[in-house]
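For reference, the structure discussed in these notes is given below.
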There are 2 protein chains.
Amino acid sequence: MEDQKSAPRCEFLFVHQDVVDQVNRAMPGEEELFDLAELFKIFGDSTRVRILYVLFEAEMCVCDIAQLLGMTQSAISHQLQVLKKSKLVKYRREGKTVFYSLADDHVRAILDQGMEHVTE
Amino acid sequence: MEDQKSAPRCEFLFVHQDVVDQVNRAMPGEEELFDLAELFKIFGDSTRVRILYVLFEAEMCVCDIAQLLGMTQSAISHQLQVLKKSKLVKYRREGKTVFYSLADDHVRAILDQGMEHVTE
DNA sequence: CTTTCATATGAGCATTTGTTCATATGTATT
DNA sequence: AATACATATGAACAAATGCTCATATGAAAG
């Protein structure tokens with residue numbers, strides 16, 4: 001995580017090597033940080049957030065979600081694939097229809113935490 | 001939130017009007033959902049996440065953040081403006097340099113919650 | 001086997017996003 | 001006033017993103 005670009009040098013930082021060490025100790029690894037950002041990216045779209053809120057209430061098929069949100073089946077299906085890839089939702093096939101539901105309770109916890117910040 | 005697009009109609013949903021009602025009752029308002037997605041969008045970039053992790057350890061000037069993350073002063077400054085607009089960081093001017101710090105503890109709580117999901 | 005219905009998916013397109021580069025602003029020092 | 005240094009900012013560009021449209025897949029019913 002060092003020399004990707006020529007970073008400027010001001011007088012402050014390297015007077016305090018202890019701060020540098022502390023940051024480097026506390027900072028999660030490159031990959032964890034990337035994954036974390038990727039996770040939040042998923043929540044960073046209101047269509048996906050709305051889908052998740054719908055699924056809080058009940059397991060539901062693609063068509064119903066589309067109808068509830070007033071959006072195309074295709075648009076919803078695409079986003080469900082995104083949510084599926086990120087393991088945020090799971091699905092269950094029953095004949096022609098596929099029922100989606102939340103993968104785990106973390107999803108709710110994350111959204112609640114964010115909502116707390118928004119509605120304050 | 002109704003008729004933006006012609007949504008398909010499958011047999012399931014409107015057999016169960018109670019589910020529809022329940023969803024509509026529980027679903028936050030259009031604006032809250034938008035703001036929530038906007039908030040998560042901010043966290044959905046690893047540069048910004050890394051900046052926030054740096055600021056967990058200490059208040060720091062733009063130049064030092066850039067140096068610690070091996071990035072351009074300009075890139076960091078741009079992202080700090082984004083974080084500032086979202087009220088996630090605050091700043092304090094001291095002569096030529098500007099020190100940035102976290103705006104509140106929600107920031108940490110949100111990142112921790114996400115990290116829990118990532119590292120499981 | 002053909003049709004129908006629910007869902008998935010690929011290509012195309014417009015929009016958004018993150019970085020770079022050049023330059024502007026703001027503050028202190030001489 | 002002139003210079004130097006820290007930061008901010010606008011334009012430009014490449015990459016990523018979300019939707020649409022057309023079409024493919026998969027499962028049940030005729």
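Chain labels A, B, ... are given in the sequence in which chains occur in the structure tokens; within each chain residues are numbered consecutively from 1, and ligands are likewise numbered from 1 in the order shown.
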
Please provide the set of residues having any atom within 12 Å of stretch 2-15 of chain D, restricted to only C-alpha atoms (C1' of nucleotides), with same-chain residues fewer than 4 positions apart removed, written as an mmCIF file with N, CA and C atoms (P, O5', C5', C4', C3', O3' and C1' of nucleotides), in the first residue's frame.
data_model
loop_
_atom_site.group_PDB
_atom_site.id
_atom_site.type_symbol
_atom_site.label_atom_id
_atom_site.label_comp_id
_atom_site.auth_asym_id
_atom_site.auth_seq_id
_atom_site.Cartn_x
_atom_site.Cartn_y
_atom_site.Cartn_z
ATOM 1 N N PRO A 8 2.615 13.787 -1.778
ATOM 2 C CA PRO A 8 3.308 14.988 -1.323
ATOM 3 C C PRO A 8 3.859 14.777 0.094
ATOM 4 N N ARG A 9 4.700 15.662 0.526
ATOM 5 C CA ARG A 9 5.278 15.546 1.857
ATOM 6 C C ARG A 9 5.125 16.849 2.619
ATOM 7 N N CYS A 10 4.332 16.828 3.631
ATOM 8 C CA CYS A 10 4.243 18.006 4.468
ATOM 9 C C CYS A 10 4.977 17.725 5.764
ATOM 10 N N GLU A 11 5.125 18.743 6.542
ATOM 11 C CA GLU A 11 5.988 18.627 7.712
ATOM 12 C C GLU A 11 5.413 17.781 8.835
ATOM 13 N N PHE A 12 4.083 17.584 8.837
ATOM 14 C CA PHE A 12 3.460 17.013 10.022
ATOM 15 C C PHE A 12 3.730 15.539 10.248
ATOM 16 N N CYS B 61 -4.084 15.943 8.621
ATOM 17 C CA CYS B 61 -4.195 16.898 7.526
ATOM 18 C C CYS B 61 -4.224 16.167 6.191
ATOM 19 N N VAL B 62 -4.686 16.859 5.165
ATOM 20 C CA VAL B 62 -4.886 16.269 3.842
ATOM 21 C C VAL B 62 -3.610 15.618 3.329
ATOM 22 N N CYS B 63 -2.528 16.356 3.481
ATOM 23 C CA CYS B 63 -1.252 15.898 2.957
ATOM 24 C C CYS B 63 -0.799 14.586 3.589
ATOM 25 N N ASP B 64 -1.037 14.470 4.897
ATOM 26 C CA ASP B 64 -0.638 13.254 5.600
ATOM 27 C C ASP B 64 -1.484 12.056 5.201
ATOM 28 N N ALA B 66 -2.874 11.663 2.358
ATOM 29 C CA ALA B 66 -2.408 11.299 1.017
ATOM 30 C C ALA B 66 -1.138 10.450 1.102
ATOM 31 N N GLN B 73 -2.633 14.259 -3.480
ATOM 32 C CA GLN B 73 -3.308 15.241 -2.624
ATOM 33 C C GLN B 73 -4.667 15.588 -3.205
ATOM 34 N N SER B 74 -4.717 15.725 -4.519
ATOM 35 C CA SER B 74 -5.960 16.102 -5.180
ATOM 36 C C SER B 74 -7.039 15.037 -4.999
ATOM 37 N N ALA B 75 -6.663 13.816 -5.220
ATOM 38 C CA ALA B 75 -7.623 12.721 -5.087
ATOM 39 C C ALA B 75 -8.195 12.692 -3.671
ATOM 40 N N ILE B 76 -7.313 12.816 -2.689
ATOM 41 C CA ILE B 76 -7.762 12.783 -1.295
ATOM 42 C C ILE B 76 -8.655 13.980 -0.989
ATOM 43 N N SER B 77 -8.259 15.140 -1.468
ATOM 44 C CA SER B 77 -9.055 16.337 -1.207
ATOM 45 C C SER B 77 -10.460 16.210 -1.796
ATOM 46 N N HIS B 78 -10.526 15.716 -3.021
ATOM 47 C CA HIS B 78 -11.834 15.497 -3.638
ATOM 48 C C HIS B 78 -12.705 14.592 -2.771
ATOM 49 N N GLN B 79 -12.130 13.498 -2.313
ATOM 50 C CA GLN B 79 -12.909 12.552 -1.515
ATOM 51 C C GLN B 79 -13.269 13.130 -0.158
ATOM 52 N N LEU B 80 -12.386 13.952 0.379
ATOM 53 C CA LEU B 80 -12.712 14.603 1.654
ATOM 54 C C LEU B 80 -13.897 15.548 1.495
ATOM 55 N N GLN B 81 -13.994 16.175 0.335
ATOM 56 C CA GLN B 81 -15.154 17.036 0.088
ATOM 57 C C GLN B 81 -16.430 16.204 0.069
ATOM 58 N N ARG B 93 -9.265 24.385 10.656
ATOM 59 C CA ARG B 93 -8.143 25.027 9.964
ATOM 60 C C ARG B 93 -7.115 25.509 10.985
ATOM 61 N N GLU B 94 -5.856 25.298 10.680
ATOM 62 C CA GLU B 94 -4.791 25.805 11.542
ATOM 63 C C GLU B 94 -3.689 26.319 10.633
ATOM 64 N N GLY B 95 -3.720 27.613 10.401
ATOM 65 C CA GLY B 95 -2.754 28.201 9.484
ATOM 66 C C GLY B 95 -3.001 27.685 8.083
ATOM 67 N N LYS B 96 -1.965 27.206 7.461
ATOM 68 C CA LYS B 96 -2.094 26.730 6.094
ATOM 69 C C LYS B 96 -2.755 25.364 5.999
ATOM 70 N N THR B 97 -2.652 24.611 7.074
ATOM 71 C CA THR B 97 -3.122 23.233 6.979
ATOM 72 C C THR B 97 -4.526 23.064 7.546
ATOM 73 N N VAL B 98 -5.225 22.066 7.017
ATOM 74 C CA VAL B 98 -6.583 21.753 7.450
ATOM 75 C C VAL B 98 -6.592 20.359 8.052
ATOM 76 N N PHE B 99 -7.067 20.240 9.255
ATOM 77 C CA PHE B 99 -7.126 18.940 9.911
ATOM 78 C C PHE B 99 -8.526 18.367 9.822
ATOM 79 N N TYR B 100 -8.597 17.143 9.355
ATOM 80 C CA TYR B 100 -9.889 16.461 9.254
ATOM 81 C C TYR B 100 -10.033 15.435 10.368
ATOM 82 P P DT C 16 -26.811 11.326 -13.629
ATOM 83 O "O5'" DT C 16 -25.686 10.480 -12.875
ATOM 84 C "C5'" DT C 16 -25.973 9.144 -12.490
ATOM 85 C "C4'" DT C 16 -24.744 8.484 -11.909
ATOM 86 C "C3'" DT C 16 -23.937 9.366 -10.956
ATOM 87 O "O3'" DT C 16 -23.698 8.604 -9.780
ATOM 88 C "C1'" DT C 16 -22.527 8.436 -12.597
ATOM 89 P P DT C 17 -22.844 9.198 -8.574
ATOM 90 O "O5'" DT C 17 -21.380 8.651 -8.890
ATOM 91 C "C5'" DT C 17 -21.193 7.258 -9.093
ATOM 92 C "C4'" DT C 17 -19.707 6.975 -9.241
ATOM 93 C "C3'" DT C 17 -18.813 7.796 -8.306
ATOM 94 O "O3'" DT C 17 -17.882 6.925 -7.703
ATOM 95 C "C1'" DT C 17 -18.098 8.021 -10.537
ATOM 96 P P DG C 18 -16.991 7.327 -6.480
ATOM 97 O "O5'" DG C 18 -15.531 7.349 -7.100
ATOM 98 C "C5'" DG C 18 -14.936 6.141 -7.550
ATOM 99 C "C4'" DG C 18 -13.574 6.446 -8.119
ATOM 100 C "C3'" DG C 18 -12.681 7.319 -7.221
ATOM 101 O "O3'" DG C 18 -11.363 6.781 -7.239
ATOM 102 C "C1'" DG C 18 -13.004 8.379 -9.313
ATOM 103 P P DT C 19 -10.221 7.393 -6.321
ATOM 104 O "O5'" DT C 19 -9.234 8.011 -7.406
ATOM 105 C "C5'" DT C 19 -8.750 7.180 -8.472
ATOM 106 C "C4'" DT C 19 -8.271 8.030 -9.618
ATOM 107 C "C3'" DT C 19 -7.196 9.057 -9.267
ATOM 108 O "O3'" DT C 19 -5.932 8.643 -9.785
ATOM 109 C "C1'" DT C 19 -8.835 9.939 -10.764
ATOM 110 P P DT C 20 -4.628 9.539 -9.466
ATOM 111 O "O5'" DT C 20 -4.563 10.487 -10.745
ATOM 112 C "C5'" DT C 20 -4.625 9.927 -12.065
ATOM 113 C "C4'" DT C 20 -4.568 11.027 -13.102
ATOM 114 C "C3'" DT C 20 -3.461 12.059 -12.866
ATOM 115 O "O3'" DT C 20 -2.751 12.282 -14.088
ATOM 116 C "C1'" DT C 20 -5.554 13.148 -13.075
ATOM 117 P P DC C 21 -1.330 12.981 -14.054
ATOM 118 O "O5'" DC C 21 -1.672 14.432 -14.634
ATOM 119 C "C5'" DC C 21 -2.474 14.557 -15.815
ATOM 120 C "C4'" DC C 21 -2.886 16.005 -15.991
ATOM 121 C "C3'" DC C 21 -1.819 17.020 -15.571
ATOM 122 O "O3'" DC C 21 -1.592 17.939 -16.626
ATOM 123 C "C1'" DC C 21 -3.895 17.518 -14.548
ATOM 124 P P DA C 22 -0.460 19.065 -16.503
ATOM 125 O "O5'" DA C 22 -1.333 20.386 -16.286
ATOM 126 C "C5'" DA C 22 -2.470 20.599 -17.112
ATOM 127 C "C4'" DA C 22 -3.271 21.768 -16.563
ATOM 128 C "C3'" DA C 22 -2.439 22.970 -16.150
ATOM 129 O "O3'" DA C 22 -3.023 24.155 -16.675
ATOM 130 C "C1'" DA C 22 -3.792 22.272 -14.341
ATOM 131 P P DT C 23 -2.328 25.584 -16.374
ATOM 132 O "O5'" DT C 23 -3.236 26.156 -15.180
ATOM 133 C "C5'" DT C 23 -4.649 26.067 -15.304
ATOM 134 C "C4'" DT C 23 -5.308 26.450 -13.989
ATOM 135 C "C3'" DT C 23 -4.753 27.734 -13.350
ATOM 136 O "O3'" DT C 23 -5.848 28.547 -13.011
ATOM 137 C "C1'" DT C 23 -4.896 26.022 -11.765
ATOM 138 P P DA C 24 -5.647 30.086 -12.680
ATOM 139 O "O5'" DA C 24 -6.622 30.262 -11.428
ATOM 140 C "C5'" DA C 24 -7.898 29.631 -11.455
ATOM 141 C "C4'" DA C 24 -8.391 29.436 -10.030
ATOM 142 C "C3'" DA C 24 -8.184 30.654 -9.132
ATOM 143 O "O3'" DA C 24 -9.367 30.897 -8.396
ATOM 144 C "C1'" DA C 24 -7.193 28.748 -8.143
ATOM 145 P P DT C 25 -9.480 32.267 -7.633
ATOM 146 O "O5'" DT C 25 -9.390 31.853 -6.096
ATOM 147 C "C5'" DT C 25 -10.244 30.837 -5.586
ATOM 148 C "C4'" DT C 25 -9.760 30.410 -4.217
ATOM 149 C "C3'" DT C 25 -9.508 31.577 -3.250
ATOM 150 O "O3'" DT C 25 -10.268 31.339 -2.076
ATOM 151 C "C1'" DT C 25 -7.707 30.039 -3.245
ATOM 152 P P DG C 26 -10.451 32.507 -1.002
ATOM 153 O "O5'" DG C 26 -9.510 32.032 0.192
ATOM 154 C "C5'" DG C 26 -9.423 30.650 0.519
ATOM 155 C "C4'" DG C 26 -8.271 30.429 1.476
ATOM 156 C "C3'" DG C 26 -7.956 31.631 2.358
ATOM 157 O "O3'" DG C 26 -7.678 31.151 3.655
ATOM 158 C "C1'" DG C 26 -6.012 30.948 1.218
ATOM 159 P P DT C 27 -7.736 32.136 4.945
ATOM 160 O "O5'" DT C 27 -6.268 32.011 5.562
ATOM 161 C "C5'" DT C 27 -5.762 30.724 5.875
ATOM 162 C "C4'" DT C 27 -4.255 30.775 5.952
ATOM 163 C "C3'" DT C 27 -3.709 31.950 6.769
ATOM 164 O "O3'" DT C 27 -2.965 31.423 7.848
ATOM 165 C "C1'" DT C 27 -2.501 31.648 4.752
ATOM 166 P P DA C 28 -2.480 32.341 9.061
ATOM 167 O "O5'" DA C 28 -0.906 32.412 8.820
ATOM 168 C "C5'" DA C 28 -0.153 31.211 8.960
ATOM 169 C "C4'" DA C 28 1.163 31.337 8.221
ATOM 170 C "C3'" DA C 28 2.146 32.349 8.834
ATOM 171 O "O3'" DA C 28 3.346 31.660 9.142
ATOM 172 C "C1'" DA C 28 1.968 32.653 6.484
ATOM 173 P P DT C 29 4.425 32.383 10.051
ATOM 174 O "O5'" DT C 29 5.624 32.655 9.052
ATOM 175 C "C5'" DT C 29 5.854 31.742 7.957
ATOM 176 C "C4'" DT C 29 6.879 32.343 7.002
ATOM 177 C "C3'" DT C 29 7.824 33.345 7.644
ATOM 178 O "O3'" DT C 29 9.150 33.116 7.166
ATOM 179 C "C1'" DT C 29 6.764 34.335 5.784
ATOM 180 P P DT C 30 10.389 33.771 7.895
ATOM 181 O "O5'" DT C 30 10.967 34.778 6.818
ATOM 182 C "C5'" DT C 30 11.212 34.323 5.466
ATOM 183 C "C4'" DT C 30 11.308 35.515 4.527
ATOM 184 C "C3'" DT C 30 12.064 36.700 5.121
ATOM 185 O "O3'" DT C 30 13.380 36.733 4.601
ATOM 186 C "C1'" DT C 30 10.101 37.390 3.926
#

- Task: Can you check which residues of chain B have any atom within 8 Å of chain A? Use only C-alpha atoms and format it as a ChimeraX atom specification.
- Result: /B:1-10,12-13,19-20,22-23,26-27,32-46,49-50,53-54,57-58,63-64,66-73,106,109-110,113-115,117-119

- Would you please extract all helix (DSSP H, G or I) residues from chain B, as assigned by DSSP on the backbone, and give them as number ranges by chain? B: 13-15, 17-26, 30-43, 46-57, 62-69, 73-85, 106-118

- Task: Name the closest residue to A:Ala103 among the candidates A:Glu120, A:Gln17, A:Gly29, A:Lys84; distances are taken between atoms, counting only C-alpha atoms.
- Result: A:Lys84

Contact residues (chain C, partner chain A, 8 Å, only C-alpha atoms (C1' of nucleotides)) as a tab-separated table (two decimals) with N, CA and C atoms (P, O5', C5', C4', C3', O3' and C1' of nucleotides), in the first residue's frame:
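See selection01.tsv below for the written result:
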chain	number	residue	atom	x	y	z
C	5	DC	P	-49.95	-17.30	-20.45
C	5	DC	O5'	-49.06	-17.26	-19.13
C	5	DC	C5'	-49.23	-18.26	-18.12
C	5	DC	C4'	-47.95	-18.38	-17.33
C	5	DC	C3'	-47.40	-17.04	-16.83
C	5	DC	O3'	-47.19	-17.13	-15.44
C	5	DC	C1'	-45.69	-18.32	-17.86
C	6	DA	P	-46.87	-15.81	-14.62
C	6	DA	O5'	-45.37	-16.09	-14.16
C	6	DA	C5'	-45.11	-17.14	-13.24
C	6	DA	C4'	-43.61	-17.25	-13.04
C	6	DA	C3'	-42.93	-15.93	-12.64
C	6	DA	O3'	-42.13	-16.17	-11.50
C	6	DA	C1'	-41.86	-16.88	-14.53
C	7	DT	P	-41.23	-15.02	-10.89
C	7	DT	O5'	-39.85	-15.25	-11.65
C	7	DT	C5'	-39.21	-16.51	-11.54
C	7	DT	C4'	-38.00	-16.54	-12.45
C	7	DT	C3'	-36.96	-15.47	-12.19
C	7	DT	O3'	-35.78	-16.12	-11.74
C	7	DT	C1'	-37.32	-15.79	-14.50
C	8	DA	P	-34.44	-15.31	-11.47
C	8	DA	O5'	-33.66	-15.44	-12.86
C	8	DA	C5'	-33.45	-16.73	-13.41
C	8	DA	C4'	-32.53	-16.65	-14.62
C	8	DA	C3'	-31.28	-15.79	-14.44
C	8	DA	O3'	-30.20	-16.51	-15.04
C	8	DA	C1'	-32.54	-14.99	-16.28

- Message: Please return, as a ChimeraX atom specification, all residues of chain A that DSSP assigns to strand (DSSP E or B) on the basis of the backbone.
- Response: /A:60-61,89-94,97-102

- Query: Closest to chain A among D:DA1, D:DA29, D:DA24, D:DC19, using only C-alpha atoms (C1' of nucleotides)?
  - Reply: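 Closest to chain A, using only C-alpha atoms (C1' of nucleotides): D:DC19.
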
- Would you list the contacts of C:DC13 as a list in words, taking every protein, DNA or RNA residue within 12 Å and counting only C-alpha atoms (C1' of nucleotides), but skipping same-chain residues closer than 3 positions in sequence?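 Contacts, with the query itself left out: DT17, DG18, DC19, DT20 and DC21 of chain D.
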
Residue subset to file, keeping C-alpha atoms (C1' of nucleotides), as a PDB file, in the first residue's frame:
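Done, and the output landed in selection.pdb:
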ATOM      1  C1'  DT D  17     -23.256   1.213 -13.049  1.00  0.00           C
ATOM      2  C1'  DG D  18     -28.433   0.655 -13.734  1.00  0.00           C
ATOM      3  C1'  DC D  19     -31.915   0.388 -16.807  1.00  0.00           C
ATOM      4  C1'  DT D  20     -34.189  -1.176 -21.266  1.00  0.00           C
ATOM      5  C1'  DC D  21     -35.040  -4.197 -24.927  1.00  0.00           C
TER       6       DC D  21
END

- Message: Using only C-alpha atoms (C1' of nucleotides), I'd like every residue of chain D that has an atom within 8 Å of chain A; please write them out as a list in words.
- Response: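 Putting it all together, I get DC19, DG26, DA27 and DA28 of chain D.
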
- Grab the atom C1' of C:DG10 to atom CA of A:Leu102 distance for me, in Å with one decimal place.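 Those two atoms sit 26.7 Å apart.
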
- Query: To one decimal place, how far is atom C1' of C:DT9 from atom CA of A:Lys85 in Å?
  - Reply: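 Separation between atom C1' of C:DT9 and atom CA of A:Lys85: 14.5 Å.
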
- Atomic distance atom CA of A:Ser101 - atom CA of A:Ser86, expressed in Å with one decimal: 13.3 Å
